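Everything below concerns the one structure shown next.
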Amino acid sequence: MADRKDAKGGSGRLIVWLVVLYLLVALVVGMFWSQEPETFNVQASANTRAEEMGVQPVRGFTTTATLMKITETMLYKPGGYLSNDIFPPGVWLDNIPSWEFGVLVQVRDFSRALRKDFSRSQSQSTEDKDLEIAEPQLHFDGNSWLVPDSEGEYKRGLEALQSYLTRLSDPNEPTAQFYARADNLRQWLLDVETRLGSLSQRLSASVGQRRLNEDTGATPLPSEEEVRTPWTEVDDVFYEARGTSWALLHLMRAIEVDFQEVLEKKNALVGLRQTIRELEATQEALWSPVVLNGSGFGVFANHSLVLASYISRANAAILDLRELLAQG
């Protein structure tokens with residue numbers, strides 16, 4: 001009887017130790033998974049893809065290849081895609097899932113622009129058959145973990161983008177096109193401007209602000225309101241903005257390649273490069289182990305306000321860039 005009790009006690013202790021060991025390993029792995037991906041050279045990445053495909057890059061190749069590389073990085077970075085994880089350590093992490101959401105928003109916006117603007121010569125043109133598939137696949141729910149899982153749907157979107165890129169690179173396949181026009185670029189930049197403006201406001205609200213109510217709707221609202229991001233969400237907004245900026249930085253660099261002729265004609269190349277410079281500043285290393293949320297001019301830093309400053313300046317550069325592209 002005593003031997004049986006000892007055996008049960010030993011089994012219980014073993015289970016406890018295994019659980020503790022699992023949690024410790026998960027903690028270490030979670031720290032590794034929490035590192036943001038590095039930036040990459042869009043031109044070199046596109047050239048490598050072209051070599052693997054055995055084709056020469058054409059107009060639109062770098063931009064499309066960059067969109068694919070951004071999506072692949074989100075899916076295949078250390079730890080993979082974490083937003084839909086339900087087991088440790090992924091379920092404990094929130095910074096990188098917020099980063100992923102920021103990236104995903106830009107992937108979705110650009111895939112929509114590629115489908116409705118960049119790949120069509122005019123509003124009455126037929127939509128590209130592969131982009132008709134890619135865009136909705138990339139808009140699939142990012143938190144679905146089973147039947148179907150988010151990663152599987154996004155991979156199908158990547159396959160459709162690869163098919164479009166293959167046809168775009170084939171001189172004997174006229175059905176795939178990429179129109180590098182000023183009006184197409186301005187339309188996408190307007191979406192970018194809206195996204196960055198919202199992020200800048202949310203980042204600035206980390207310290208709380210009294211703002212005048214600009215809503216002119218039919219329902220009467222207070223003339224002013226206090227806007228503050230809850231302290232539990234400050235780091236989430238910060239990493240969402242970092243992910244957005246990371247994705248935009250690469251897309252802007254790709255735009256510089258494929259739209260160079262248009263940008264030079266409109267004297268807008270410097271404006272684009274200024275936008276890129278501001279976005280590069282958003283990717284500087286965060287040396288603090290946590291996102292600090294000091295008050296404005298207080299003793300401690302406020303990382304959200306610093307990031308909001310860079311994003312606001314990038315947004316201002318985009319506004320100037322759109323105005324230049326609108327000129328004859």
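Ligands are numbered from 1 in the order shown, chains are lettered A, B, ... in the order of the structure tokens, and residues start at 1 in each chain.
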
Using only C-alpha atoms, what table do you get, as JSON lines, when you list each residue of region 88-191 of chain A with an atom no more than 9 Å from region 48-59 of chain A, its nearest pair of atoms, and their distance in Å rounded to one decimal, rows by chain then rising number?
```
{"residue": "A:Thr166", "atom": "CA", "partner": "A:Met53", "partner_atom": "CA", "distance": 7.8}
{"residue": "A:Leu168", "atom": "CA", "partner": "A:Val58", "partner_atom": "CA", "distance": 7.6}
{"residue": "A:Ser169", "atom": "CA", "partner": "A:Val58", "partner_atom": "CA", "distance": 6.2}
{"residue": "A:Asp170", "atom": "CA", "partner": "A:Val55", "partner_atom": "CA", "distance": 7.8}
{"residue": "A:Gln177", "atom": "CA", "partner": "A:Arg59", "partner_atom": "CA", "distance": 8.9}
{"residue": "A:Phe178", "atom": "CA", "partner": "A:Arg59", "partner_atom": "CA", "distance": 6.7}
{"residue": "A:Tyr179", "atom": "CA", "partner": "A:Arg59", "partner_atom": "CA", "distance": 8.2}
{"residue": "A:Ala180", "atom": "CA", "partner": "A:Arg59", "partner_atom": "CA", "distance": 7.7}
```

Taking all heavy atoms for each residue, export the selection above as a short mmCIF file (atom, residue, chain, number, x, y, z; two decimals), in the first residue's frame.
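File part-v5.cif, as written:
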```
data_model
loop_
_atom_site.label_atom_id
_atom_site.label_comp_id
_atom_site.auth_asym_id
_atom_site.auth_seq_id
_atom_site.Cartn_x
_atom_site.Cartn_y
_atom_site.Cartn_z
N THR A 166 3.69 35.86 -61.96
CA THR A 166 4.18 35.03 -63.07
C THR A 166 3.62 35.52 -64.40
O THR A 166 4.35 35.65 -65.39
CB THR A 166 3.78 33.56 -62.85
OG1 THR A 166 4.36 33.09 -61.62
CG2 THR A 166 4.27 32.68 -64.00
N LEU A 168 2.44 38.53 -64.97
CA LEU A 168 2.94 39.89 -65.20
C LEU A 168 4.32 39.87 -65.84
O LEU A 168 4.65 40.73 -66.66
CB LEU A 168 3.00 40.64 -63.86
CG LEU A 168 3.41 42.11 -63.90
CD1 LEU A 168 2.36 42.94 -64.63
CD2 LEU A 168 3.62 42.63 -62.47
N SER A 169 5.12 38.87 -65.48
CA SER A 169 6.50 38.79 -65.98
C SER A 169 6.59 38.13 -67.36
O SER A 169 7.66 38.13 -67.98
CB SER A 169 7.36 37.99 -64.99
OG SER A 169 7.25 38.51 -63.69
N ASP A 170 5.49 37.57 -67.83
CA ASP A 170 5.48 36.86 -69.12
C ASP A 170 5.09 37.83 -70.24
O ASP A 170 3.96 38.32 -70.28
CB ASP A 170 4.48 35.70 -69.05
CG ASP A 170 4.52 34.82 -70.29
OD1 ASP A 170 5.20 35.19 -71.27
OD2 ASP A 170 3.87 33.76 -70.26
N GLN A 177 -1.44 43.16 -65.95
CA GLN A 177 -0.84 44.48 -66.16
C GLN A 177 -0.60 45.18 -64.82
O GLN A 177 -1.21 44.85 -63.80
CB GLN A 177 -1.75 45.35 -67.04
CG GLN A 177 -2.01 44.81 -68.43
CD GLN A 177 -0.78 44.86 -69.31
OE1 GLN A 177 0.12 45.68 -69.08
NE2 GLN A 177 -0.71 43.99 -70.31
N PHE A 178 0.31 46.15 -64.86
CA PHE A 178 0.54 47.03 -63.71
C PHE A 178 0.72 48.44 -64.25
O PHE A 178 1.65 48.70 -65.00
CB PHE A 178 1.79 46.60 -62.93
CG PHE A 178 2.00 47.37 -61.65
CD1 PHE A 178 1.55 46.87 -60.44
CD2 PHE A 178 2.65 48.61 -61.66
CE1 PHE A 178 1.74 47.58 -59.25
CE2 PHE A 178 2.84 49.32 -60.49
CZ PHE A 178 2.39 48.81 -59.28
N TYR A 179 -0.20 49.33 -63.87
CA TYR A 179 -0.18 50.69 -64.40
C TYR A 179 0.38 51.65 -63.34
O TYR A 179 -0.28 51.93 -62.33
CB TYR A 179 -1.60 51.11 -64.81
CG TYR A 179 -2.17 50.25 -65.92
CD1 TYR A 179 -2.99 49.16 -65.61
CD2 TYR A 179 -1.87 50.51 -67.25
CE1 TYR A 179 -3.51 48.36 -66.62
CE2 TYR A 179 -2.39 49.71 -68.26
CZ TYR A 179 -3.20 48.64 -67.94
OH TYR A 179 -3.71 47.84 -68.95
N ALA A 180 1.59 52.10 -63.58
CA ALA A 180 2.27 53.01 -62.65
C ALA A 180 1.89 54.44 -63.00
O ALA A 180 2.67 55.17 -63.63
CB ALA A 180 3.78 52.80 -62.71
#
```

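Shell of Ala301 (chain A) at 7 Å, with only C-alpha atoms counted and residues fewer than 4 places along the chain excluded, is A:Leu292, A:Asn293, A:Gly294.
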
| field | Pick from A:Asn172, A:Gln327, A:Thr63, A:Thr229 nearest to Val262 (chain A), counting only C-alpha atoms | value | A:Gln327

| said: Report as a list in words all protein, DNA and RNA residues lying within 12 Å of Ser123 (chain A), evaluated on only C-alpha atoms, omitting residues in the same chain fewer than 6 positions from it. | reply: Arg115, Lys116, Asp117, Asp183 and Asn184 of chain A

How would the residues just chosen look if you wrote them out with N, CA, C and O atoms as a compact mmCIF listing (two decimals), in the first residue's frame?
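Saved as selection23.txt:
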```
# COMPACT_ATOMS: atom_id res chain seq x y z
N ARG A 115 -5.69 45.39 -56.71
CA ARG A 115 -6.81 44.80 -57.45
C ARG A 115 -7.63 45.86 -58.18
O ARG A 115 -7.97 45.68 -59.36
N LYS A 116 -7.96 46.97 -57.50
CA LYS A 116 -8.91 47.92 -58.08
C LYS A 116 -8.27 49.08 -58.83
O LYS A 116 -8.95 49.74 -59.62
N ASP A 117 -6.98 49.33 -58.62
CA ASP A 117 -6.33 50.48 -59.26
C ASP A 117 -5.11 50.11 -60.09
O ASP A 117 -5.09 50.30 -61.31
N ASP A 183 -2.40 58.99 -60.70
CA ASP A 183 -3.73 58.94 -60.06
C ASP A 183 -3.90 57.67 -59.24
O ASP A 183 -4.51 57.68 -58.17
N ASN A 184 -3.36 56.54 -59.74
CA ASN A 184 -3.42 55.30 -58.97
C ASN A 184 -2.66 55.43 -57.66
O ASN A 184 -3.13 55.02 -56.60
```

| message | Can you tell me which residues surround Gly60 (chain A) at a distance of at most 12 Å, considering only C-alpha atoms, apart from same-chain residues fewer than 6 positions away, and format the answer as a list of chain:residue names? | response | A:Gln43, A:Ala46, A:Thr66, A:Leu67, A:Leu114, A:Phe118, A:Ser119, A:Tyr164, A:Leu165, A:Thr166, A:Arg167, A:Leu168, A:Ser169, A:Ala176, A:Gln177, A:Phe178, A:Tyr179, A:Ala180, A:Arg181, A:Leu251, A:Ala254, A:Ile255, A:Glu256, A:Val257, A:Asp258, A:Phe259, A:Gln260

| request: Using CA of Glu135 (chain A) and CA of Ser111 (chain A) as the two end points, give the distance in Å to one decimal. | output: 5.4 Å

| field | Shell around Ser304 (chain A) at 9 Å using only C-alpha atoms, local window under 4 positions removed, as number ranges by chain | value | A: 200, 202-207, 234-235, 237-238, 291-293, 308-309

Could you take the residues named above and write them with N, CA, C and O atoms, as a PDB file, in the first residue's frame?
```
ATOM      1  N   SER A 200      -1.553  58.127 -35.329  1.00  0.00           N
ATOM      2  CA  SER A 200      -0.923  59.255 -34.645  1.00  0.00           C
ATOM      3  C   SER A 200      -1.792  59.754 -33.498  1.00  0.00           C
ATOM      4  O   SER A 200      -1.307  60.040 -32.396  1.00  0.00           O
ATOM      5  N   ARG A 202      -4.112  58.001 -31.846  1.00  0.00           N
ATOM      6  CA  ARG A 202      -4.175  56.988 -30.798  1.00  0.00           C
ATOM      7  C   ARG A 202      -2.890  56.933 -29.981  1.00  0.00           C
ATOM      8  O   ARG A 202      -2.928  56.729 -28.754  1.00  0.00           O
ATOM      9  N   LEU A 203      -1.750  57.120 -30.640  1.00  0.00           N
ATOM     10  CA  LEU A 203      -0.480  57.155 -29.921  1.00  0.00           C
ATOM     11  C   LEU A 203      -0.411  58.373 -29.007  1.00  0.00           C
ATOM     12  O   LEU A 203       0.030  58.289 -27.861  1.00  0.00           O
ATOM     13  N   SER A 204      -0.840  59.511 -29.505  1.00  0.00           N
ATOM     14  CA  SER A 204      -0.800  60.743 -28.713  1.00  0.00           C
ATOM     15  C   SER A 204      -1.732  60.668 -27.508  1.00  0.00           C
ATOM     16  O   SER A 204      -1.485  61.307 -26.480  1.00  0.00           O
ATOM     17  N   ALA A 205      -2.794  59.880 -27.625  1.00  0.00           N
ATOM     18  CA  ALA A 205      -3.757  59.751 -26.533  1.00  0.00           C
ATOM     19  C   ALA A 205      -3.224  58.918 -25.378  1.00  0.00           C
ATOM     20  O   ALA A 205      -3.928  58.696 -24.390  1.00  0.00           O
ATOM     21  N   SER A 206      -1.977  58.466 -25.457  1.00  0.00           N
ATOM     22  CA  SER A 206      -1.398  57.687 -24.364  1.00  0.00           C
ATOM     23  C   SER A 206      -1.307  58.504 -23.083  1.00  0.00           C
ATOM     24  O   SER A 206      -1.318  57.949 -21.981  1.00  0.00           O
ATOM     25  N   VAL A 207      -1.207  59.841 -23.205  1.00  0.00           N
ATOM     26  CA  VAL A 207      -1.120  60.705 -22.026  1.00  0.00           C
ATOM     27  C   VAL A 207      -2.452  61.372 -21.708  1.00  0.00           C
ATOM     28  O   VAL A 207      -2.558  62.112 -20.742  1.00  0.00           O
ATOM     29  N   VAL A 234      -1.736  50.633 -24.269  1.00  0.00           N
ATOM     30  CA  VAL A 234      -0.703  51.532 -24.783  1.00  0.00           C
ATOM     31  C   VAL A 234       0.338  50.768 -25.597  1.00  0.00           C
ATOM     32  O   VAL A 234       0.717  51.176 -26.707  1.00  0.00           O
ATOM     33  N   ASP A 235       0.818  49.632 -25.066  1.00  0.00           N
ATOM     34  CA  ASP A 235       1.828  48.867 -25.800  1.00  0.00           C
ATOM     35  C   ASP A 235       1.244  48.224 -27.051  1.00  0.00           C
ATOM     36  O   ASP A 235       1.945  48.070 -28.062  1.00  0.00           O
ATOM     37  N   VAL A 237      -1.120  49.524 -29.036  1.00  0.00           N
ATOM     38  CA  VAL A 237      -1.170  50.568 -30.060  1.00  0.00           C
ATOM     39  C   VAL A 237       0.234  50.867 -30.578  1.00  0.00           C
ATOM     40  O   VAL A 237       0.449  51.058 -31.783  1.00  0.00           O
ATOM     41  N   PHE A 238       1.199  50.885 -29.662  1.00  0.00           N
ATOM     42  CA  PHE A 238       2.589  51.158 -30.041  1.00  0.00           C
ATOM     43  C   PHE A 238       3.081  50.128 -31.053  1.00  0.00           C
ATOM     44  O   PHE A 238       3.641  50.476 -32.101  1.00  0.00           O
ATOM     45  N   VAL A 291       7.314  49.343 -22.960  1.00  0.00           N
ATOM     46  CA  VAL A 291       6.946  50.605 -23.591  1.00  0.00           C
ATOM     47  C   VAL A 291       6.629  51.605 -22.477  1.00  0.00           C
ATOM     48  O   VAL A 291       5.635  51.457 -21.762  1.00  0.00           O
ATOM     49  N   LEU A 292       7.501  52.596 -22.313  1.00  0.00           N
ATOM     50  CA  LEU A 292       7.310  53.585 -21.256  1.00  0.00           C
ATOM     51  C   LEU A 292       6.213  54.574 -21.643  1.00  0.00           C
ATOM     52  O   LEU A 292       6.069  54.937 -22.807  1.00  0.00           O
ATOM     53  N   ASN A 293       5.484  55.018 -20.630  1.00  0.00           N
ATOM     54  CA  ASN A 293       4.350  55.897 -20.888  1.00  0.00           C
ATOM     55  C   ASN A 293       4.402  57.100 -19.946  1.00  0.00           C
ATOM     56  O   ASN A 293       3.433  57.421 -19.256  1.00  0.00           O
ATOM     57  N   ALA A 308       4.619  58.748 -32.362  1.00  0.00           N
ATOM     58  CA  ALA A 308       3.577  59.595 -32.963  1.00  0.00           C
ATOM     59  C   ALA A 308       4.201  60.749 -33.731  1.00  0.00           C
ATOM     60  O   ALA A 308       3.697  61.155 -34.781  1.00  0.00           O
ATOM     61  N   SER A 309       5.310  61.290 -33.218  1.00  0.00           N
ATOM     62  CA  SER A 309       5.989  62.395 -33.890  1.00  0.00           C
ATOM     63  C   SER A 309       6.504  61.971 -35.258  1.00  0.00           C
ATOM     64  O   SER A 309       6.295  62.659 -36.264  1.00  0.00           O
TER      65      SER A 309
END
```

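When only C-alpha atoms are used to measure the gap to Gln201 (chain A), the shortest distance among A:Ala241, A:Tyr154, A:Met252, A:Ala134 belongs to A:Ala241.
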
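Proximity to Arg322 (chain A) was assessed for A:Asp149, A:Asp130, A:Asp85, A:Asp191 counting only C-alpha atoms; the smallest distance is recorded for A:Asp191.
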
| task | Do a neighbour search on Leu248 (chain A) at 10 Å with only C-alpha atoms, toss out local chain neighbours closer than 6 positions, and write the hits as an MDAnalysis selection string. | result | chainID A and resid 67 70 102:103 106:107 110 192 242 254 275:276 279:280

Could the residues in this selection be written to a file with all heavy atoms, as an mmCIF file, in the first residue's frame?
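And here's selection.cif as it stands now:
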```cif
data_model
loop_
_atom_site.group_PDB
_atom_site.id
_atom_site.type_symbol
_atom_site.label_atom_id
_atom_site.label_comp_id
_atom_site.auth_asym_id
_atom_site.auth_seq_id
_atom_site.Cartn_x
_atom_site.Cartn_y
_atom_site.Cartn_z
ATOM 1 N N LEU A 67 5.147 43.120 -51.588
ATOM 2 C CA LEU A 67 3.904 42.780 -50.882
ATOM 3 C C LEU A 67 3.936 41.318 -50.442
ATOM 4 O O LEU A 67 3.545 40.986 -49.311
ATOM 5 C CB LEU A 67 2.704 43.033 -51.788
ATOM 6 C CG LEU A 67 1.334 42.619 -51.233
ATOM 7 C CD1 LEU A 67 0.991 43.410 -49.981
ATOM 8 C CD2 LEU A 67 0.247 42.798 -52.297
ATOM 9 N N ILE A 70 6.533 40.868 -47.544
ATOM 10 C CA ILE A 70 5.985 41.377 -46.282
ATOM 11 C C ILE A 70 5.052 40.338 -45.662
ATOM 12 O O ILE A 70 5.121 40.046 -44.462
ATOM 13 C CB ILE A 70 5.228 42.704 -46.525
ATOM 14 C CG1 ILE A 70 6.208 43.823 -46.871
ATOM 15 C CG2 ILE A 70 4.395 43.091 -45.304
ATOM 16 C CD1 ILE A 70 5.526 45.086 -47.360
ATOM 17 N N GLY A 102 -0.861 45.397 -37.447
ATOM 18 C CA GLY A 102 -0.448 46.585 -38.193
ATOM 19 C C GLY A 102 0.045 46.240 -39.585
ATOM 20 O O GLY A 102 -0.288 46.914 -40.567
ATOM 21 N N VAL A 103 0.835 45.178 -39.686
ATOM 22 C CA VAL A 103 1.322 44.719 -40.986
ATOM 23 C C VAL A 103 0.154 44.259 -41.851
ATOM 24 O O VAL A 103 0.058 44.594 -43.036
ATOM 25 C CB VAL A 103 2.337 43.573 -40.799
ATOM 26 C CG1 VAL A 103 2.696 42.947 -42.151
ATOM 27 C CG2 VAL A 103 3.599 44.069 -40.106
ATOM 28 N N GLN A 106 -1.895 46.928 -43.635
ATOM 29 C CA GLN A 106 -1.238 47.470 -44.825
ATOM 30 C C GLN A 106 -1.233 46.475 -45.980
ATOM 31 O O GLN A 106 -1.374 46.856 -47.148
ATOM 32 C CB GLN A 106 0.197 47.899 -44.488
ATOM 33 C CG GLN A 106 0.269 49.080 -43.555
ATOM 34 C CD GLN A 106 -0.563 50.255 -44.060
ATOM 35 O OE1 GLN A 106 -0.460 50.630 -45.226
ATOM 36 N NE2 GLN A 106 -1.377 50.831 -43.195
ATOM 37 N N VAL A 107 -1.071 45.198 -45.670
ATOM 38 C CA VAL A 107 -1.148 44.158 -46.706
ATOM 39 C C VAL A 107 -2.536 44.161 -47.348
ATOM 40 O O VAL A 107 -2.679 44.079 -48.573
ATOM 41 C CB VAL A 107 -0.831 42.776 -46.096
ATOM 42 C CG1 VAL A 107 -1.229 41.649 -47.057
ATOM 43 C CG2 VAL A 107 0.650 42.673 -45.759
ATOM 44 N N PHE A 110 -3.058 47.414 -49.465
ATOM 45 C CA PHE A 110 -2.328 47.429 -50.736
ATOM 46 C C PHE A 110 -2.851 46.369 -51.696
ATOM 47 O O PHE A 110 -2.875 46.596 -52.915
ATOM 48 C CB PHE A 110 -0.825 47.227 -50.512
ATOM 49 C CG PHE A 110 -0.008 47.662 -51.687
ATOM 50 C CD1 PHE A 110 0.362 48.987 -51.838
ATOM 51 C CD2 PHE A 110 0.367 46.759 -52.676
ATOM 52 C CE1 PHE A 110 1.093 49.410 -52.941
ATOM 53 C CE2 PHE A 110 1.095 47.169 -53.779
ATOM 54 C CZ PHE A 110 1.445 48.500 -53.911
ATOM 55 N N VAL A 192 -3.329 55.497 -47.061
ATOM 56 C CA VAL A 192 -2.206 55.496 -46.125
ATOM 57 C C VAL A 192 -2.299 56.688 -45.178
ATOM 58 O O VAL A 192 -2.100 56.562 -43.964
ATOM 59 C CB VAL A 192 -0.861 55.536 -46.884
ATOM 60 C CG1 VAL A 192 0.304 55.705 -45.904
ATOM 61 C CG2 VAL A 192 -0.673 54.261 -47.706
ATOM 62 N N ARG A 242 4.142 50.260 -35.015
ATOM 63 C CA ARG A 242 5.451 49.787 -35.491
ATOM 64 C C ARG A 242 5.275 48.826 -36.665
ATOM 65 O O ARG A 242 6.015 48.890 -37.653
ATOM 66 C CB ARG A 242 6.199 49.088 -34.356
ATOM 67 C CG ARG A 242 6.667 49.992 -33.248
ATOM 68 C CD ARG A 242 8.064 50.491 -33.455
ATOM 69 N NE ARG A 242 9.059 49.476 -33.160
ATOM 70 C CZ ARG A 242 10.351 49.749 -32.977
ATOM 71 N NH1 ARG A 242 10.784 51.000 -33.041
ATOM 72 N NH2 ARG A 242 11.225 48.799 -32.731
ATOM 73 N N ALA A 254 9.528 50.138 -52.502
ATOM 74 C CA ALA A 254 9.170 49.473 -53.758
ATOM 75 C C ALA A 254 8.521 50.443 -54.731
ATOM 76 O O ALA A 254 8.768 50.398 -55.942
ATOM 77 C CB ALA A 254 8.235 48.298 -53.465
ATOM 78 N N THR A 275 9.435 60.784 -46.961
ATOM 79 C CA THR A 275 8.506 59.876 -46.278
ATOM 80 C C THR A 275 9.232 58.625 -45.809
ATOM 81 O O THR A 275 9.054 58.168 -44.672
ATOM 82 C CB THR A 275 7.352 59.483 -47.223
ATOM 83 O OG1 THR A 275 6.689 60.656 -47.690
ATOM 84 C CG2 THR A 275 6.358 58.580 -46.524
ATOM 85 N N ILE A 276 10.061 58.082 -46.682
ATOM 86 C CA ILE A 276 10.833 56.881 -46.344
ATOM 87 C C ILE A 276 11.756 57.152 -45.163
ATOM 88 O O ILE A 276 11.885 56.326 -44.242
ATOM 89 C CB ILE A 276 11.639 56.401 -47.570
ATOM 90 C CG1 ILE A 276 10.692 55.851 -48.645
ATOM 91 C CG2 ILE A 276 12.664 55.339 -47.172
ATOM 92 C CD1 ILE A 276 11.373 55.520 -49.964
ATOM 93 N N LEU A 279 9.767 57.115 -41.965
ATOM 94 C CA LEU A 279 9.363 55.754 -41.620
ATOM 95 C C LEU A 279 10.550 54.933 -41.121
ATOM 96 O O LEU A 279 10.388 54.069 -40.247
ATOM 97 C CB LEU A 279 8.723 55.073 -42.834
ATOM 98 C CG LEU A 279 7.347 55.614 -43.241
ATOM 99 C CD1 LEU A 279 6.898 55.006 -44.558
ATOM 100 C CD2 LEU A 279 6.305 55.350 -42.155
ATOM 101 N N GLU A 280 11.725 55.180 -41.651
ATOM 102 C CA GLU A 280 12.922 54.492 -41.157
ATOM 103 C C GLU A 280 13.162 54.812 -39.690
ATOM 104 O O GLU A 280 13.581 53.950 -38.909
ATOM 105 C CB GLU A 280 14.141 54.896 -41.991
ATOM 106 C CG GLU A 280 14.166 54.287 -43.379
ATOM 107 C CD GLU A 280 15.290 54.830 -44.242
ATOM 108 O OE1 GLU A 280 15.849 55.901 -43.907
ATOM 109 O OE2 GLU A 280 15.623 54.182 -45.262
#
```

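Checking A:Trp287, A:Leu18, A:Ala268, A:Leu307 one by one against Arg186 (chain A), counting only C-alpha atoms, you find the shortest gap at A:Ala268.
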
| request: Report as number ranges by chain: the residues of region 119-304 of chain A with a DSSP assignment of alpha helix (DSSP H), based on the backbone of this structure. | output: A: 131-138, 150-169, 182-204, 234-258, 260-265, 269-281, 303-304

| said: With only C-alpha atoms as the counted atoms, please give the residues lying no more than 9 Å from region 89-91 of chain A, apart from itself and same-chain residues fewer than 5 positions off, as a ChimeraX atom specification. | reply: /A:23,25-31,33,79,82-84,97

Quick one: write out the picked residues with N, CA and C atoms as a PDB file, in the first residue's frame?
```
ATOM      1  N   LEU A  23       6.664  25.491 -18.785  1.00  0.00           N
ATOM      2  CA  LEU A  23       6.393  26.918 -18.671  1.00  0.00           C
ATOM      3  C   LEU A  23       7.679  27.735 -18.764  1.00  0.00           C
ATOM      4  N   VAL A  25      10.458  26.841 -20.402  1.00  0.00           N
ATOM      5  CA  VAL A  25      10.877  26.796 -21.811  1.00  0.00           C
ATOM      6  C   VAL A  25      10.002  27.725 -22.646  1.00  0.00           C
ATOM      7  N   ALA A  26       8.692  27.717 -22.364  1.00  0.00           N
ATOM      8  CA  ALA A  26       7.766  28.594 -23.093  1.00  0.00           C
ATOM      9  C   ALA A  26       8.110  30.063 -22.863  1.00  0.00           C
ATOM     10  N   LEU A  27       8.539  30.384 -21.638  1.00  0.00           N
ATOM     11  CA  LEU A  27       8.908  31.762 -21.328  1.00  0.00           C
ATOM     12  C   LEU A  27      10.112  32.203 -22.150  1.00  0.00           C
ATOM     13  N   VAL A  28      11.125  31.342 -22.221  1.00  0.00           N
ATOM     14  CA  VAL A  28      12.329  31.667 -22.993  1.00  0.00           C
ATOM     15  C   VAL A  28      12.004  31.764 -24.483  1.00  0.00           C
ATOM     16  N   VAL A  29      11.234  30.802 -24.974  1.00  0.00           N
ATOM     17  CA  VAL A  29      10.847  30.823 -26.385  1.00  0.00           C
ATOM     18  C   VAL A  29      10.013  32.063 -26.690  1.00  0.00           C
ATOM     19  N   GLY A  30       9.129  32.421 -25.756  1.00  0.00           N
ATOM     20  CA  GLY A  30       8.293  33.610 -25.941  1.00  0.00           C
ATOM     21  C   GLY A  30       9.125  34.869 -26.075  1.00  0.00           C
ATOM     22  N   MET A  31      10.209  34.970 -25.307  1.00  0.00           N
ATOM     23  CA  MET A  31      11.097  36.133 -25.409  1.00  0.00           C
ATOM     24  C   MET A  31      11.743  36.185 -26.789  1.00  0.00           C
ATOM     25  N   TRP A  33      10.493  34.844 -29.567  1.00  0.00           N
ATOM     26  CA  TRP A  33       9.443  35.133 -30.551  1.00  0.00           C
ATOM     27  C   TRP A  33       9.007  36.596 -30.531  1.00  0.00           C
ATOM     28  N   GLY A  79       8.529  31.783 -34.652  1.00  0.00           N
ATOM     29  CA  GLY A  79       7.247  31.602 -33.978  1.00  0.00           C
ATOM     30  C   GLY A  79       6.071  31.543 -34.926  1.00  0.00           C
ATOM     31  N   LEU A  82       1.336  34.527 -34.884  1.00  0.00           N
ATOM     32  CA  LEU A  82       0.984  34.325 -33.479  1.00  0.00           C
ATOM     33  C   LEU A  82      -0.422  34.798 -33.102  1.00  0.00           C
ATOM     34  N   SER A  83      -1.046  35.606 -33.955  1.00  0.00           N
ATOM     35  CA  SER A  83      -2.307  36.243 -33.562  1.00  0.00           C
ATOM     36  C   SER A  83      -3.418  35.252 -33.232  1.00  0.00           C
ATOM     37  N   ASN A  84      -3.363  34.046 -33.795  1.00  0.00           N
ATOM     38  CA  ASN A  84      -4.422  33.073 -33.547  1.00  0.00           C
ATOM     39  C   ASN A  84      -3.968  31.914 -32.662  1.00  0.00           C
ATOM     40  N   PRO A  97       1.577  40.003 -31.852  1.00  0.00           N
ATOM     41  CA  PRO A  97       0.272  39.974 -32.529  1.00  0.00           C
ATOM     42  C   PRO A  97      -0.223  41.367 -32.905  1.00  0.00           C
TER      43      PRO A  97
END
```

| Length of the CA of Gln162 (chain A) to CA of Asp141 (chain A) vector [Å] | 21.4 Å

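Distances to Gly271 (chain A) were evaluated for A:Met68, A:Leu321, A:Val20, A:Ala182 using only C-alpha atoms, and the minimum falls at A:Leu321.
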